[in-house]
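Engineer: Sharing a structure below in structure tokens format, with a few things to ask.
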Amino acid sequence: MKLHELIAHCITIDDAVSLSLKPADSTISEYLKQNKSIGSKERKFVMELTFFGIRNQILINHLSQCINYNLHTQTKFFVVAILLQSVYDDSGSDLSFDKLYYAIDKSSENNIIQSFQKYFSKDALTTELLNNWKLAIINRVRELNDKIANMCSDSLCLRYSFTKPFYDLLNTRYSYEEITQMFIALSKPADISIRVNTVNTNIDKLFDSLSTNYADGIIAKSKLIPNSLNVSGRANLLQSKEFQNGRFDFQDEGSQIISLILDPQEGETILDACAGAGGKTVHIANLMNNKGTIVATDTGQKRLNEILPRAKKAGIKIIETELIRLGSRTQTKYNQKKYDRILIDAPCSGSGTIRRAPFLKYNFSNDKLNELTRRQAGILQHYSKYLKPGGILVYATCSVFPQENSDIAQAFLAANENFEPCPLQGTLDKHNIAVSCNTNSSDLTIVPHTYNTDGFYVAKFRKKL
């Protein structure tokens with residue numbers, strides 16, 4: 001498939017994403033499934049270029065306006081995206097567009113600029129013109145970097161394609177330097193983290209097996225938490241016999257920390273409210289050695305339907321699920337019990353997961369945030385009443401906004417005298433979690449630029465006896 005055809009697919013996907021109410025990653029996946037003529041190498045190129053465009057949308061639009069040339073707007077966008085990526089990545093990594101396209105068309109001589117001249121001749125995209133554009137991009141990025149060094153927040157937002165309201169919310173609690181590091185970290189694609197299923201294997205066996213069979217990905221044991229592996233590169237682990245046999249599941253290290261902080265014990269009764277597709281639910285069952293009871297609830301039937309098949313593949317038998325209908329007064333099963341521990345992984349902005357879902361940073365608004373914080377406070381208050389005296393309640397989000405995190409936790413404690421903060425340090429030490437925490441702190445913010453994870457917040461409370 002030629003370069004102009006690949007870019008045409010990117011433009012079609014871009015239009016579909018703009019019109020769809022679904023998340024961008026779902027729309028992209030559906031398009032690629034429907035267009036089976038796109039081969040695996042072409043698919044990789046299209047996905048990387050599309051996500052690079054989404055990740056750097058504000059910057060690319062700005063750079064496109066700086067280039068005064070009569071070219072179709074979306075074509076110019078993706079041309080600039082390819083040139084911009086070559087400025088970012090002179091290392092020749094396997095995910096550079098030069099390398100990706102050379103795998104498709106060997107006649108490109110490992111230089112995609114030559115392919116523009118070959119396949120966009122009607123647009124007169126000569127090598128000289130494109131190299132001049134690349135030089136202009138280098139100079140503009142350098143100018144932005146100089147302004148960033150002088151603490152210009154507008155240039156910082158433009159350089160890393162974040163909105164000013166996003167910056168302003170972080171600026172209430174973080175320094176300019178911290179926000180800069182966070183933007184840089186959130187602008188990079190995430191590596192893969194996998195959680196070892198300790199019910200049917202152990203980390204050493206899985207490490208040896210994956211290291212032997214998947215040399216195209218670099219497998220390493222996590223330095224942050226136990227029973228987790230990090231994968232650099234793009235090994236196709238979905239097709240591995242280890243995954244098919246339930247030996248592991250995909251889960252970010254930061255997400256795994258939340259279940260570890262809950263610290264569930266064998267034989268306990270646990271409520272996983274807002275369970276989603278059950279990644280943490282199955283992890284909790286692992287930590288309980290498949291002994292006890294976990295009730296997983298959610299308001300989305302589609303997400304909830306994923307939990308039991310996921311658990312079955314992992315050999316987990318202690319999970320039961322229940323759909324929650326908002327506003328319904330119908331009696332439910334989950335509220336007939338009292339729980340030893342409750343996890344509330346609350347619906348949030350997802351601002352900590354932008355490495356994986358870059359489109360989220362453009363869907364943000366203060367109105368949405370206000371609605372989310374209202375819901376978060378209500379959910380936390382609602383589920384807390386089902387906790388046994390002496391029980392543990394954990395509130396978590398995948399957000400980096402303090403308004404969704406520490407503000408909610410502090411307001412809950414202020415309104416509920418029968419709850420007290422539960423210090424985290426003992427649990428962190430028990431599970432060998434290598435994150436820093438003040439000795440008496442009962443909450444923790446996990447930031448991407450410090451731990452190379454998604455961004456998470458977790459607070460731990462105990463119900464007084």
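Simple scheme: letters A, B, ... for chains in structure tokens order, numbers from 1 for residues in each chain, numbers from 1 for ligands in the order shown.
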List every residue of region 223-327 of chain A that DSSP, applied to the backbone of this structure, places in strand (DSSP E or B), and write the result as a PyMOL selection string.
Structural biologist: chain A and resi 228-233+248-250+269-273+293-298+319-323
Engineer: With N, CA, C and O atoms retained, export the selected residues as a compact mmCIF listing (two decimals), in the first residue's frame.
Structural biologist:
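Output file out07.txt follows:
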# COMPACT_ATOMS: atom_id res chain seq x y z
N SER A 228 4.55 -8.32 38.66
CA SER A 228 4.21 -7.53 37.49
C SER A 228 5.41 -7.48 36.57
O SER A 228 6.56 -7.41 37.02
N LEU A 229 5.15 -7.51 35.26
CA LEU A 229 6.20 -7.43 34.25
C LEU A 229 5.96 -6.23 33.35
O LEU A 229 4.81 -5.89 33.05
N ASN A 230 7.04 -5.61 32.89
CA ASN A 230 6.96 -4.52 31.93
C ASN A 230 7.45 -5.01 30.57
O ASN A 230 8.43 -5.75 30.49
N VAL A 231 6.77 -4.56 29.52
CA VAL A 231 7.10 -4.99 28.17
C VAL A 231 7.36 -3.74 27.32
O VAL A 231 6.48 -2.92 27.13
N SER A 232 8.59 -3.61 26.83
CA SER A 232 8.92 -2.54 25.89
C SER A 232 8.84 -3.12 24.48
O SER A 232 9.10 -4.29 24.25
N GLY A 233 8.50 -2.27 23.52
CA GLY A 233 8.32 -2.77 22.16
C GLY A 233 6.89 -3.20 21.94
O GLY A 233 5.98 -2.80 22.68
N PHE A 248 -1.67 -14.37 32.69
CA PHE A 248 -1.49 -12.97 33.02
C PHE A 248 -2.62 -12.15 32.42
O PHE A 248 -3.39 -12.63 31.58
N ASP A 249 -2.71 -10.89 32.85
CA ASP A 249 -3.66 -9.94 32.29
C ASP A 249 -2.94 -8.60 32.13
O ASP A 249 -1.92 -8.35 32.77
N PHE A 250 -3.46 -7.77 31.25
CA PHE A 250 -2.88 -6.45 31.03
C PHE A 250 -3.41 -5.48 32.08
O PHE A 250 -4.62 -5.33 32.24
N THR A 269 -15.25 -10.65 52.77
CA THR A 269 -16.29 -10.26 51.82
C THR A 269 -15.96 -8.84 51.35
O THR A 269 -15.90 -7.91 52.15
N ILE A 270 -15.74 -8.71 50.04
CA ILE A 270 -15.25 -7.46 49.45
C ILE A 270 -16.28 -6.93 48.48
O ILE A 270 -16.86 -7.69 47.69
N LEU A 271 -16.49 -5.61 48.49
CA LEU A 271 -17.32 -4.94 47.48
C LEU A 271 -16.41 -4.14 46.57
O LEU A 271 -15.67 -3.26 47.03
N ASP A 272 -16.45 -4.46 45.28
CA ASP A 272 -15.75 -3.66 44.27
C ASP A 272 -16.79 -2.85 43.53
O ASP A 272 -17.37 -3.30 42.54
N ALA A 273 -17.07 -1.65 44.05
CA ALA A 273 -18.04 -0.77 43.41
C ALA A 273 -17.39 -0.12 42.19
O ALA A 273 -16.17 0.09 42.16
N THR A 293 -15.34 -13.87 49.17
CA THR A 293 -16.42 -13.42 48.28
C THR A 293 -16.14 -12.00 47.81
O THR A 293 -15.80 -11.12 48.61
N ILE A 294 -16.26 -11.79 46.50
CA ILE A 294 -16.17 -10.44 45.93
C ILE A 294 -17.45 -10.15 45.18
O ILE A 294 -17.86 -10.92 44.31
N VAL A 295 -18.08 -9.04 45.53
CA VAL A 295 -19.26 -8.57 44.80
C VAL A 295 -18.81 -7.39 43.94
O VAL A 295 -18.33 -6.38 44.46
N ALA A 296 -18.95 -7.53 42.63
CA ALA A 296 -18.54 -6.49 41.69
C ALA A 296 -19.78 -5.83 41.10
O ALA A 296 -20.63 -6.52 40.51
N THR A 297 -19.90 -4.52 41.26
CA THR A 297 -21.07 -3.80 40.73
C THR A 297 -20.62 -2.73 39.75
O THR A 297 -19.50 -2.22 39.81
N ASP A 298 -21.52 -2.40 38.82
CA ASP A 298 -21.27 -1.33 37.87
C ASP A 298 -22.60 -0.92 37.24
O ASP A 298 -23.58 -1.69 37.28
N ILE A 319 -16.11 -14.47 42.46
CA ILE A 319 -16.68 -13.18 42.07
C ILE A 319 -18.14 -13.35 41.66
O ILE A 319 -18.49 -14.26 40.90
N GLU A 320 -19.00 -12.49 42.17
CA GLU A 320 -20.36 -12.37 41.66
C GLU A 320 -20.59 -10.93 41.23
O GLU A 320 -19.99 -10.00 41.78
N THR A 321 -21.41 -10.74 40.21
CA THR A 321 -21.60 -9.40 39.65
C THR A 321 -23.05 -8.96 39.79
O THR A 321 -23.97 -9.78 39.88
N GLU A 322 -23.24 -7.64 39.78
CA GLU A 322 -24.59 -7.09 39.84
C GLU A 322 -24.65 -5.74 39.13
O GLU A 322 -23.81 -4.86 39.38
N LEU A 323 -25.61 -5.59 38.24
CA LEU A 323 -25.84 -4.33 37.54
C LEU A 323 -26.58 -3.36 38.45
O LEU A 323 -27.58 -3.71 39.06
Engineer: At a cut-off of 8 Å, using only C-alpha atoms, what residues contact Gly254 (chain A)? Leave out same-chain residues fewer than 4 positions from it and give the result as a CSV table (one decimal) with C-alpha atoms, in the first residue's frame.
Structural biologist:
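The resulting part_17.csv:
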chain,number,residue,atom,x,y,z
A,258,ILE,CA,-4.7,0.3,44.2
A,446,ILE,CA,0.9,8.3,41.6
A,453,THR,CA,2.8,4.7,35.1
A,454,ASP,CA,-0.6,6.1,34.4
A,455,GLY,CA,-1.7,8.8,36.9
A,456,PHE,CA,-3.7,7.5,39.9
Engineer: What's the 8 Å shell around Cys422 (chain A), counting only C-alpha atoms, without same-chain residues fewer than 4 positions away, as a list of chain:residue names?
Structural biologist: A:Ser441, A:Ser442, A:Lys460, A:Phe461, A:Arg462
Engineer: Hey, which bits of region 118-172 of chain A sit within 10 Å of region 187-211 of chain A, and for each residue what's the closest pair of atoms and how far apart in Å (one decimal), counting only C-alpha atoms, rows by chain and increasing number, as CSV?
Structural biologist:
residue,atom,partner,partner_atom,distance
A:Tyr160,CA,A:Ser187,CA,6.6
A:Ser161,CA,A:Ser187,CA,8.4
A:Phe162,CA,A:Ser187,CA,9.4
Engineer: Could those selected residues go to a file with C-alpha atoms, as a short mmCIF file (atom, residue, chain, number, x, y, z; two decimals), in the first residue's frame?
Structural biologist:
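The new file out03.cif reads:
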data_model
loop_
_atom_site.label_atom_id
_atom_site.label_comp_id
_atom_site.auth_asym_id
_atom_site.auth_seq_id
_atom_site.Cartn_x
_atom_site.Cartn_y
_atom_site.Cartn_z
CA TYR A 160 2.44 19.42 24.36
CA SER A 161 -1.12 19.96 23.05
CA PHE A 162 -2.95 20.56 26.32
#
Engineer: Pick out the closest residue to Leu444 (chain A) from this set: A:Ala311, A:Leu83, A:Leu428, A:Leu360. Count only C-alpha atoms.
Structural biologist: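 When distances to Leu444 (chain A) are compared using only C-alpha atoms, the smallest one comes from A:Leu428.
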Engineer: For Ser436 (chain A), which residue among A:Ile342, A:Leu224, A:Val79, A:Leu95 is the nearest when counting only C-alpha atoms?
Structural biologist: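 Of all the options, A:Leu224 lies closest to Ser436 (chain A).
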Engineer: Please provide the set of residues having any atom within 10 Å of Ser240 (chain A), restricted to only C-alpha atoms, with same-chain residues fewer than 4 positions apart removed, written as a list in words.
Structural biologist: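 What passes the distance filter is Leu210, Asn213, Tyr214, Ala235, Asn236, Gln244, Asn245 and Arg247 of chain A.
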Engineer: I'd like the interatomic distance between CA of Phe77 (chain A) and CA of Ser96 (chain A), to a tenth of an Å.
Structural biologist: 17.3 Å
Engineer: Using only C-alpha atoms, which of A:Tyr457, A:Tyr176, A:Phe52, A:Phe166 sits nearest Arg356 (chain A)?
Structural biologist: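 Result for the nearest residue to Arg356 (chain A): A:Phe52.
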